[in-house]
>>> print(open('run-v6.cif').read())   # mmCIF, N, CA and C atoms
data_query
loop_
_atom_site.label_atom_id
_atom_site.label_comp_id
_atom_site.auth_asym_id
_atom_site.auth_seq_id
_atom_site.Cartn_x
_atom_site.Cartn_y
_atom_site.Cartn_z
N ILE A 16 -119.06 159.40 84.87
CA ILE A 16 -120.15 159.62 85.80
C ILE A 16 -120.84 160.95 85.49
N LEU A 17 -120.04 161.99 85.27
CA LEU A 17 -120.64 163.30 85.01
C LEU A 17 -121.47 163.29 83.74
N SER A 18 -120.97 162.64 82.72
CA SER A 18 -121.71 162.53 81.47
C SER A 18 -123.01 161.77 81.67
N GLU A 19 -122.95 160.69 82.39
CA GLU A 19 -124.15 159.90 82.68
C GLU A 19 -125.16 160.68 83.52
N ALA A 20 -124.67 161.60 84.32
CA ALA A 20 -125.55 162.43 85.14
C ALA A 20 -126.13 163.60 84.35
N GLY A 21 -125.74 163.72 83.08
CA GLY A 21 -126.28 164.76 82.22
C GLY A 21 -125.49 166.05 82.23
N LEU A 22 -124.28 166.02 82.79
CA LEU A 22 -123.45 167.22 82.81
C LEU A 22 -122.49 167.18 81.62
N ALA A 23 -122.38 168.30 80.93
CA ALA A 23 -121.49 168.40 79.79
C ALA A 23 -120.53 169.56 80.02
N ARG A 24 -119.40 169.49 79.35
CA ARG A 24 -118.43 170.57 79.43
C ARG A 24 -118.73 171.61 78.36
N PRO A 25 -118.45 172.89 78.64
CA PRO A 25 -118.58 173.91 77.60
C PRO A 25 -117.62 173.58 76.46
N ASP A 26 -117.92 174.06 75.28
CA ASP A 26 -117.11 173.75 74.09
C ASP A 26 -115.62 174.02 74.31
N ALA A 27 -115.28 175.13 74.95
CA ALA A 27 -113.87 175.49 75.16
C ALA A 27 -113.15 174.48 76.03
N GLN A 28 -113.88 173.72 76.84
CA GLN A 28 -113.28 172.76 77.76
C GLN A 28 -113.44 171.31 77.29
N ASP A 29 -114.18 171.09 76.24
CA ASP A 29 -114.51 169.73 75.81
C ASP A 29 -113.34 169.13 75.03
N LYS A 30 -112.38 168.58 75.77
CA LYS A 30 -111.17 168.00 75.19
C LYS A 30 -111.00 166.59 75.73
N ASN A 31 -110.29 165.78 75.00
CA ASN A 31 -110.06 164.40 75.42
C ASN A 31 -108.84 164.25 76.33
N ASP A 32 -108.19 165.34 76.65
CA ASP A 32 -107.03 165.29 77.53
C ASP A 32 -107.46 165.00 78.96
N PHE A 33 -106.58 164.33 79.71
CA PHE A 33 -106.87 164.04 81.12
C PHE A 33 -106.91 165.33 81.93
N ALA A 34 -105.96 166.21 81.68
CA ALA A 34 -105.88 167.46 82.42
C ALA A 34 -105.19 168.50 81.55
N GLN A 35 -105.44 169.75 81.87
CA GLN A 35 -104.78 170.84 81.18
C GLN A 35 -104.41 171.89 82.21
N GLU A 36 -103.17 172.32 82.17
CA GLU A 36 -102.74 173.38 83.09
C GLU A 36 -103.36 174.69 82.63
N VAL A 37 -103.88 175.43 83.58
CA VAL A 37 -104.55 176.69 83.28
C VAL A 37 -103.82 177.81 84.02
N SER A 38 -103.48 178.86 83.28
CA SER A 38 -102.85 180.02 83.90
C SER A 38 -103.93 180.97 84.39
N LEU A 39 -103.54 181.93 85.20
CA LEU A 39 -104.50 182.90 85.71
C LEU A 39 -105.21 183.65 84.57
N GLU A 40 -104.48 183.92 83.50
CA GLU A 40 -105.05 184.63 82.37
C GLU A 40 -106.14 183.83 81.67
N GLN A 41 -106.13 182.52 81.85
CA GLN A 41 -107.10 181.65 81.19
C GLN A 41 -108.34 181.38 82.05
N ILE A 42 -108.45 182.03 83.18
CA ILE A 42 -109.59 181.81 84.07
C ILE A 42 -110.93 181.96 83.34
N PRO A 43 -111.12 182.95 82.47
CA PRO A 43 -112.42 183.06 81.80
C PRO A 43 -112.82 181.80 81.01
N GLN A 44 -111.85 181.01 80.58
CA GLN A 44 -112.16 179.79 79.84
C GLN A 44 -112.68 178.68 80.74
N THR A 45 -112.61 178.86 82.04
CA THR A 45 -113.06 177.82 82.96
C THR A 45 -114.53 177.96 83.32
N ASP A 46 -115.20 178.98 82.83
CA ASP A 46 -116.58 179.23 83.23
C ASP A 46 -117.53 178.16 82.71
N GLY A 47 -118.61 178.00 83.41
CA GLY A 47 -119.67 177.07 83.03
C GLY A 47 -120.88 177.39 83.89
N ASP A 48 -121.92 176.60 83.75
CA ASP A 48 -123.10 176.80 84.59
C ASP A 48 -122.80 176.46 86.04
N VAL A 49 -121.94 175.46 86.23
CA VAL A 49 -121.53 175.00 87.55
C VAL A 49 -120.04 174.74 87.49
N LEU A 50 -119.32 175.10 88.55
CA LEU A 50 -117.89 174.82 88.62
C LEU A 50 -117.60 174.01 89.88
N PHE A 51 -116.80 172.96 89.70
CA PHE A 51 -116.27 172.21 90.82
C PHE A 51 -114.78 172.41 90.82
N TYR A 52 -114.20 172.72 91.96
CA TYR A 52 -112.75 172.82 92.04
C TYR A 52 -112.27 171.88 93.13
N PHE A 53 -111.09 171.35 92.91
CA PHE A 53 -110.54 170.32 93.78
C PHE A 53 -109.73 170.91 94.91
N VAL A 54 -109.91 170.36 96.10
CA VAL A 54 -109.08 170.69 97.24
C VAL A 54 -108.42 169.41 97.72
N PHE A 55 -107.26 169.55 98.29
CA PHE A 55 -106.49 168.40 98.77
C PHE A 55 -106.60 168.32 100.28
N GLY A 56 -106.73 167.13 100.79
CA GLY A 56 -106.78 166.95 102.23
C GLY A 56 -108.16 167.11 102.81
N GLY A 57 -109.17 167.16 101.96
CA GLY A 57 -110.54 167.25 102.43
C GLY A 57 -111.13 168.63 102.27
N VAL A 58 -112.38 168.68 101.96
CA VAL A 58 -113.10 169.94 101.83
C VAL A 58 -113.10 170.61 103.19
N GLY A 59 -112.75 171.88 103.20
CA GLY A 59 -112.71 172.62 104.45
C GLY A 59 -111.35 172.57 105.13
N ALA A 60 -110.41 171.83 104.57
CA ALA A 60 -109.07 171.78 105.17
C ALA A 60 -108.41 173.13 104.95
N GLU A 61 -108.24 173.88 105.99
CA GLU A 61 -107.77 175.26 105.88
C GLU A 61 -106.46 175.40 105.11
N GLN A 62 -105.48 174.58 105.42
CA GLN A 62 -104.18 174.72 104.76
C GLN A 62 -104.30 174.48 103.27
N SER A 63 -105.04 173.46 102.87
CA SER A 63 -105.18 173.16 101.45
C SER A 63 -105.87 174.29 100.71
N VAL A 64 -106.95 174.79 101.26
CA VAL A 64 -107.70 175.85 100.59
C VAL A 64 -106.88 177.13 100.53
N SER A 65 -106.23 177.51 101.62
CA SER A 65 -105.54 178.79 101.64
C SER A 65 -104.27 178.79 100.80
N THR A 66 -103.51 177.71 100.79
CA THR A 66 -102.24 177.74 100.08
C THR A 66 -102.35 177.38 98.61
N ILE A 67 -103.31 176.61 98.23
CA ILE A 67 -103.43 176.19 96.84
C ILE A 67 -104.55 176.91 96.12
N THR A 68 -105.71 176.96 96.72
CA THR A 68 -106.90 177.45 96.05
C THR A 68 -107.17 178.93 96.26
N GLN A 69 -106.93 179.43 97.44
CA GLN A 69 -107.32 180.79 97.78
C GLN A 69 -106.80 181.85 96.80
N PRO A 70 -105.55 181.80 96.35
CA PRO A 70 -105.10 182.82 95.39
C PRO A 70 -105.96 182.86 94.12
N TRP A 71 -106.43 181.71 93.68
CA TRP A 71 -107.29 181.67 92.49
C TRP A 71 -108.66 182.27 92.79
N LEU A 72 -109.20 181.94 93.94
CA LEU A 72 -110.53 182.41 94.30
C LEU A 72 -110.58 183.92 94.49
N GLU A 73 -109.44 184.53 94.74
CA GLU A 73 -109.37 185.97 94.94
C GLU A 73 -109.10 186.76 93.66
N GLN A 74 -108.81 186.09 92.58
CA GLN A 74 -108.51 186.77 91.32
C GLN A 74 -109.73 187.50 90.78
N PRO A 75 -109.56 188.73 90.30
CA PRO A 75 -110.70 189.47 89.72
C PRO A 75 -111.35 188.72 88.56
N LEU A 76 -110.55 188.03 87.74
CA LEU A 76 -111.14 187.27 86.63
C LEU A 76 -112.04 186.15 87.14
N TRP A 77 -111.64 185.51 88.25
CA TRP A 77 -112.47 184.46 88.85
C TRP A 77 -113.80 185.05 89.32
N GLN A 78 -113.74 186.22 89.95
CA GLN A 78 -114.94 186.86 90.48
C GLN A 78 -115.93 187.24 89.38
N GLN A 79 -115.44 187.37 88.14
CA GLN A 79 -116.31 187.75 87.02
C GLN A 79 -116.99 186.57 86.37
N LEU A 80 -116.63 185.34 86.74
CA LEU A 80 -117.24 184.17 86.12
C LEU A 80 -118.73 184.09 86.46
N LYS A 81 -119.51 183.68 85.47
CA LYS A 81 -120.96 183.55 85.66
C LYS A 81 -121.28 182.60 86.81
N ALA A 82 -120.60 181.46 86.86
CA ALA A 82 -120.86 180.48 87.91
C ALA A 82 -120.56 181.05 89.29
N VAL A 83 -119.51 181.85 89.40
CA VAL A 83 -119.16 182.46 90.68
C VAL A 83 -120.24 183.46 91.08
N GLN A 84 -120.64 184.29 90.15
CA GLN A 84 -121.65 185.31 90.45
C GLN A 84 -123.00 184.70 90.80
N GLN A 85 -123.28 183.50 90.29
CA GLN A 85 -124.55 182.83 90.58
C GLN A 85 -124.46 181.90 91.78
N GLY A 86 -123.28 181.81 92.39
CA GLY A 86 -123.11 180.95 93.55
C GLY A 86 -123.13 179.47 93.22
N SER A 87 -122.67 179.12 92.03
CA SER A 87 -122.67 177.73 91.57
C SER A 87 -121.26 177.16 91.49
N VAL A 88 -120.45 177.43 92.51
CA VAL A 88 -119.07 176.95 92.57
C VAL A 88 -118.92 176.15 93.85
N TYR A 89 -118.33 174.93 93.72
CA TYR A 89 -118.27 174.03 94.86
C TYR A 89 -116.89 173.38 94.98
N ALA A 90 -116.39 173.35 96.20
CA ALA A 90 -115.13 172.66 96.49
C ALA A 90 -115.44 171.18 96.68
N VAL A 91 -114.68 170.34 96.00
CA VAL A 91 -114.83 168.89 96.14
C VAL A 91 -113.46 168.27 96.38
N GLU A 92 -113.46 167.11 96.99
CA GLU A 92 -112.20 166.46 97.35
C GLU A 92 -111.51 165.83 96.14
N ASP A 93 -110.27 166.23 95.93
CA ASP A 93 -109.46 165.68 94.84
C ASP A 93 -109.39 164.16 94.93
N GLU A 94 -109.24 163.64 96.13
CA GLU A 94 -109.08 162.20 96.30
C GLU A 94 -110.27 161.43 95.75
N ILE A 95 -111.45 162.02 95.83
CA ILE A 95 -112.66 161.37 95.35
C ILE A 95 -112.85 161.60 93.85
N TRP A 96 -112.67 162.83 93.43
CA TRP A 96 -113.02 163.20 92.05
C TRP A 96 -111.95 162.83 91.02
N THR A 97 -110.69 162.75 91.42
CA THR A 97 -109.65 162.47 90.42
C THR A 97 -108.72 161.33 90.76
N ALA A 98 -108.48 161.08 92.03
CA ALA A 98 -107.44 160.13 92.40
C ALA A 98 -107.97 158.75 92.77
N SER A 99 -109.22 158.65 93.12
CA SER A 99 -109.77 157.37 93.56
C SER A 99 -110.40 156.63 92.40
N SER A 100 -110.62 155.38 92.64
CA SER A 100 -111.36 154.60 91.66
C SER A 100 -112.21 153.60 92.43
N GLY A 101 -113.13 153.04 91.75
CA GLY A 101 -113.95 152.02 92.37
C GLY A 101 -115.31 152.55 92.77
N ILE A 102 -116.10 151.64 93.27
CA ILE A 102 -117.49 151.92 93.57
C ILE A 102 -117.65 152.91 94.72
N LYS A 103 -116.79 152.86 95.72
CA LYS A 103 -116.90 153.78 96.85
C LYS A 103 -116.68 155.22 96.39
N ALA A 104 -115.63 155.46 95.61
CA ALA A 104 -115.37 156.81 95.10
C ALA A 104 -116.51 157.28 94.19
N ALA A 105 -117.02 156.38 93.37
CA ALA A 105 -118.13 156.74 92.49
C ALA A 105 -119.35 157.15 93.30
N ASN A 106 -119.64 156.43 94.35
CA ASN A 106 -120.79 156.77 95.19
C ASN A 106 -120.57 158.08 95.93
N LEU A 107 -119.35 158.34 96.38
CA LEU A 107 -119.06 159.61 97.05
C LEU A 107 -119.18 160.78 96.08
N LEU A 108 -118.75 160.59 94.84
CA LEU A 108 -118.88 161.62 93.81
C LEU A 108 -120.37 161.88 93.55
N LEU A 109 -121.15 160.82 93.44
CA LEU A 109 -122.59 160.99 93.25
C LEU A 109 -123.24 161.70 94.44
N ASP A 110 -122.75 161.41 95.64
CA ASP A 110 -123.24 162.13 96.82
C ASP A 110 -122.98 163.63 96.68
N ASP A 111 -121.79 163.99 96.19
CA ASP A 111 -121.47 165.41 95.98
C ASP A 111 -122.43 166.02 94.95
N LEU A 112 -122.65 165.32 93.85
CA LEU A 112 -123.56 165.85 92.83
C LEU A 112 -124.95 166.07 93.41
N TYR A 113 -125.42 165.12 94.19
CA TYR A 113 -126.74 165.26 94.80
C TYR A 113 -126.76 166.44 95.78
N THR A 114 -125.72 166.56 96.56
CA THR A 114 -125.64 167.67 97.53
C THR A 114 -125.68 169.02 96.84
N TYR A 115 -124.89 169.17 95.78
CA TYR A 115 -124.74 170.48 95.16
C TYR A 115 -125.74 170.78 94.03
N LEU A 116 -126.27 169.74 93.41
CA LEU A 116 -127.11 169.97 92.24
C LEU A 116 -128.54 169.49 92.43
N GLU A 117 -128.91 169.15 93.64
CA GLU A 117 -130.26 168.65 93.90
C GLU A 117 -131.27 169.65 93.34
N PRO A 118 -132.22 169.14 92.54
CA PRO A 118 -133.23 170.05 91.94
C PRO A 118 -134.15 170.67 92.98
#
>>> encode(input="run-v6.cif", output="structure tokens")
Amino acid sequence: ILSEAGLARPDAQDKNDFAQEVSLEQIPQTDGDVLFYFVFGGVGAEQSVSTITQPWLEQPLWQQLKAVQQGSVYAVEDEIWTASSGIKAANLLLDDLYTYLEP
């Protein structure tokens, strides 16, 4: 879907692997024009954001990313972006793209 929408990964991230574990030291390799990060239990779910994501968002290396400095970082639901399949999940993902990337 992302490819069809015209979004490409930076060269450092353009791999055929399903997922890659990233350490805090590798945060600079995650930069791009836009960043989406996954939260569990729904966007805005306090426990999910604070216990899983918040430590990453507070890292100085994260704060130095171009996408972060430009305000182009968005929390999206893991269930939609990685765990779901089918037309409903695809439409919800497209809704997110429209919400965050509307020209």
>>> residues_near_point(input="run-v6.cif", point="(-118.9, 172.1, 91.0)", cutoff="10 Å", atoms="only C-alpha atoms", output="MDAnalysis selection string")
chainID A and resid 47:53 82 87:91 111:112 115:116
>>> atom_distance(input="run-v6.cif", atom1="CA of Ile95 in chain A", atom2="atom N of Leu107 in chain A")
7.4 Å
>>> atom_distance(input="run-v6.cif", atom1="atom N of Thr45 in chain A", atom2="atom C of Gln78 in chain A")
11.6 Å
>>> atom_distance(input="run-v6.cif", atom1="CA of Asn31 in chain A", atom2="atom N of Gln79 in chain A")
26.8 Å
>>> closest_residue(input="run-v6.cif", among="A:Asp26, A:Asp32, A:Asp46, A:Glu19", to="Lys81 in chain A", atoms="only N, CA and C atoms")
A:Asp46
>>> axis_aligned_box(input="run-v6.cif", around="range 34-41 of chain A", padding_each_side="8 Å", output="lines of an AutoDock Vina configuration file")
center_x = -105.5
center_y = 175.4
center_z = 83.4
size_x = 21.6
size_y = 34.4
size_z = 20.5
>>> closest_residue(input="run-v6.cif", among="A:Pro25, A:Gly101, A:Gln84, A:Asp93", to="Val54 in chain A", atoms="all atoms listed in the file")
A:Asp93
>>> residues_around(input="run-v6.cif", residues="Pro43 in chain A", least_positions_apart="2", cutoff="7 Å", atoms="only N, CA and C atoms", output="list in words")
Leu39, Glu40, Gln41, Thr45, Asp46, Leu76, Trp77 and Leu80 of chain A
>>> closest_residue(input="run-v6.cif", among="A:Ala98, A:Val37, A:Leu109, A:Val83", to="Ser18 in chain A", atoms="only C-alpha atoms")
A:Leu109
>>> select_by_dssp(input="run-v6.cif", residues="range 16-117 of chain A", states="alpha helix (DSSP H)", output="PyMOL selection string")
chain A and resi 61-63+69-72+75-78+81-84+93+102-116
>>> write_last_selection(input="run-v6.cif", atoms="N, CA and C atoms", output="PDB file, in the frame of the given file")
ATOM      1  N   GLU A  61    -108.240 173.880 105.990  1.00  0.00           N
ATOM      2  CA  GLU A  61    -107.770 175.260 105.880  1.00  0.00           C
ATOM      3  C   GLU A  61    -106.460 175.400 105.110  1.00  0.00           C
ATOM      4  N   GLN A  62    -105.480 174.580 105.420  1.00  0.00           N
ATOM      5  CA  GLN A  62    -104.180 174.720 104.760  1.00  0.00           C
ATOM      6  C   GLN A  62    -104.300 174.480 103.270  1.00  0.00           C
ATOM      7  N   SER A  63    -105.040 173.460 102.870  1.00  0.00           N
ATOM      8  CA  SER A  63    -105.180 173.160 101.450  1.00  0.00           C
ATOM      9  C   SER A  63    -105.870 174.290 100.710  1.00  0.00           C
ATOM     10  N   GLN A  69    -106.930 179.430  97.440  1.00  0.00           N
ATOM     11  CA  GLN A  69    -107.320 180.790  97.780  1.00  0.00           C
ATOM     12  C   GLN A  69    -106.800 181.850  96.800  1.00  0.00           C
ATOM     13  N   PRO A  70    -105.550 181.800  96.350  1.00  0.00           N
ATOM     14  CA  PRO A  70    -105.100 182.820  95.390  1.00  0.00           C
ATOM     15  C   PRO A  70    -105.960 182.860  94.120  1.00  0.00           C
ATOM     16  N   TRP A  71    -106.430 181.710  93.680  1.00  0.00           N
ATOM     17  CA  TRP A  71    -107.290 181.670  92.490  1.00  0.00           C
ATOM     18  C   TRP A  71    -108.660 182.270  92.790  1.00  0.00           C
ATOM     19  N   LEU A  72    -109.200 181.940  93.940  1.00  0.00           N
ATOM     20  CA  LEU A  72    -110.530 182.410  94.300  1.00  0.00           C
ATOM     21  C   LEU A  72    -110.580 183.920  94.490  1.00  0.00           C
ATOM     22  N   PRO A  75    -109.560 188.730  90.300  1.00  0.00           N
ATOM     23  CA  PRO A  75    -110.700 189.470  89.720  1.00  0.00           C
ATOM     24  C   PRO A  75    -111.350 188.720  88.560  1.00  0.00           C
ATOM     25  N   LEU A  76    -110.550 188.030  87.740  1.00  0.00           N
ATOM     26  CA  LEU A  76    -111.140 187.270  86.630  1.00  0.00           C
ATOM     27  C   LEU A  76    -112.040 186.150  87.140  1.00  0.00           C
ATOM     28  N   TRP A  77    -111.640 185.510  88.250  1.00  0.00           N
ATOM     29  CA  TRP A  77    -112.470 184.460  88.850  1.00  0.00           C
ATOM     30  C   TRP A  77    -113.800 185.050  89.320  1.00  0.00           C
ATOM     31  N   GLN A  78    -113.740 186.220  89.950  1.00  0.00           N
ATOM     32  CA  GLN A  78    -114.940 186.860  90.480  1.00  0.00           C
ATOM     33  C   GLN A  78    -115.930 187.240  89.380  1.00  0.00           C
ATOM     34  N   LYS A  81    -119.510 183.680  85.470  1.00  0.00           N
ATOM     35  CA  LYS A  81    -120.960 183.550  85.660  1.00  0.00           C
ATOM     36  C   LYS A  81    -121.280 182.600  86.810  1.00  0.00           C
ATOM     37  N   ALA A  82    -120.600 181.460  86.860  1.00  0.00           N
ATOM     38  CA  ALA A  82    -120.860 180.480  87.910  1.00  0.00           C
ATOM     39  C   ALA A  82    -120.560 181.050  89.290  1.00  0.00           C
ATOM     40  N   VAL A  83    -119.510 181.850  89.400  1.00  0.00           N
ATOM     41  CA  VAL A  83    -119.160 182.460  90.680  1.00  0.00           C
ATOM     42  C   VAL A  83    -120.240 183.460  91.080  1.00  0.00           C
ATOM     43  N   GLN A  84    -120.640 184.290  90.150  1.00  0.00           N
ATOM     44  CA  GLN A  84    -121.650 185.310  90.450  1.00  0.00           C
ATOM     45  C   GLN A  84    -123.000 184.700  90.800  1.00  0.00           C
ATOM     46  N   ASP A  93    -110.270 166.230  95.930  1.00  0.00           N
ATOM     47  CA  ASP A  93    -109.460 165.680  94.840  1.00  0.00           C
ATOM     48  C   ASP A  93    -109.390 164.160  94.930  1.00  0.00           C
ATOM     49  N   ILE A 102    -116.100 151.640  93.270  1.00  0.00           N
ATOM     50  CA  ILE A 102    -117.490 151.920  93.570  1.00  0.00           C
ATOM     51  C   ILE A 102    -117.650 152.910  94.720  1.00  0.00           C
ATOM     52  N   LYS A 103    -116.790 152.860  95.720  1.00  0.00           N
ATOM     53  CA  LYS A 103    -116.900 153.780  96.850  1.00  0.00           C
ATOM     54  C   LYS A 103    -116.680 155.220  96.390  1.00  0.00           C
ATOM     55  N   ALA A 104    -115.630 155.460  95.610  1.00  0.00           N
ATOM     56  CA  ALA A 104    -115.370 156.810  95.100  1.00  0.00           C
ATOM     57  C   ALA A 104    -116.510 157.280  94.190  1.00  0.00           C
ATOM     58  N   ALA A 105    -117.020 156.380  93.370  1.00  0.00           N
ATOM     59  CA  ALA A 105    -118.130 156.740  92.490  1.00  0.00           C
ATOM     60  C   ALA A 105    -119.350 157.150  93.300  1.00  0.00           C
ATOM     61  N   ASN A 106    -119.640 156.430  94.350  1.00  0.00           N
ATOM     62  CA  ASN A 106    -120.790 156.770  95.190  1.00  0.00           C
ATOM     63  C   ASN A 106    -120.570 158.080  95.930  1.00  0.00           C
ATOM     64  N   LEU A 107    -119.350 158.340  96.380  1.00  0.00           N
ATOM     65  CA  LEU A 107    -119.060 159.610  97.050  1.00  0.00           C
ATOM     66  C   LEU A 107    -119.180 160.780  96.080  1.00  0.00           C
ATOM     67  N   LEU A 108    -118.750 160.590  94.840  1.00  0.00           N
ATOM     68  CA  LEU A 108    -118.880 161.620  93.810  1.00  0.00           C
ATOM     69  C   LEU A 108    -120.370 161.880  93.550  1.00  0.00           C
ATOM     70  N   LEU A 109    -121.150 160.820  93.440  1.00  0.00           N
ATOM     71  CA  LEU A 109    -122.590 160.990  93.250  1.00  0.00           C
ATOM     72  C   LEU A 109    -123.240 161.700  94.440  1.00  0.00           C
ATOM     73  N   ASP A 110    -122.750 161.410  95.640  1.00  0.00           N
ATOM     74  CA  ASP A 110    -123.240 162.130  96.820  1.00  0.00           C
ATOM     75  C   ASP A 110    -122.980 163.630  96.680  1.00  0.00           C
ATOM     76  N   ASP A 111    -121.790 163.990  96.190  1.00  0.00           N
ATOM     77  CA  ASP A 111    -121.470 165.410  95.980  1.00  0.00           C
ATOM     78  C   ASP A 111    -122.430 166.020  94.950  1.00  0.00           C
ATOM     79  N   LEU A 112    -122.650 165.320  93.850  1.00  0.00           N
ATOM     80  CA  LEU A 112    -123.560 165.850  92.830  1.00  0.00           C
ATOM     81  C   LEU A 112    -124.950 166.070  93.410  1.00  0.00           C
ATOM     82  N   TYR A 113    -125.420 165.120  94.190  1.00  0.00           N
ATOM     83  CA  TYR A 113    -126.740 165.260  94.800  1.00  0.00           C
ATOM     84  C   TYR A 113    -126.760 166.440  95.780  1.00  0.00           C
ATOM     85  N   THR A 114    -125.720 166.560  96.560  1.00  0.00           N
ATOM     86  CA  THR A 114    -125.640 167.670  97.530  1.00  0.00           C
ATOM     87  C   THR A 114    -125.680 169.020  96.840  1.00  0.00           C
ATOM     88  N   TYR A 115    -124.890 169.170  95.780  1.00  0.00           N
ATOM     89  CA  TYR A 115    -124.740 170.480  95.160  1.00  0.00           C
ATOM     90  C   TYR A 115    -125.740 170.780  94.030  1.00  0.00           C
ATOM     91  N   LEU A 116    -126.270 169.740  93.410  1.00  0.00           N
ATOM     92  CA  LEU A 116    -127.110 169.970  92.240  1.00  0.00           C
ATOM     93  C   LEU A 116    -128.540 169.490  92.430  1.00  0.00           C
TER      94      LEU A 116
END
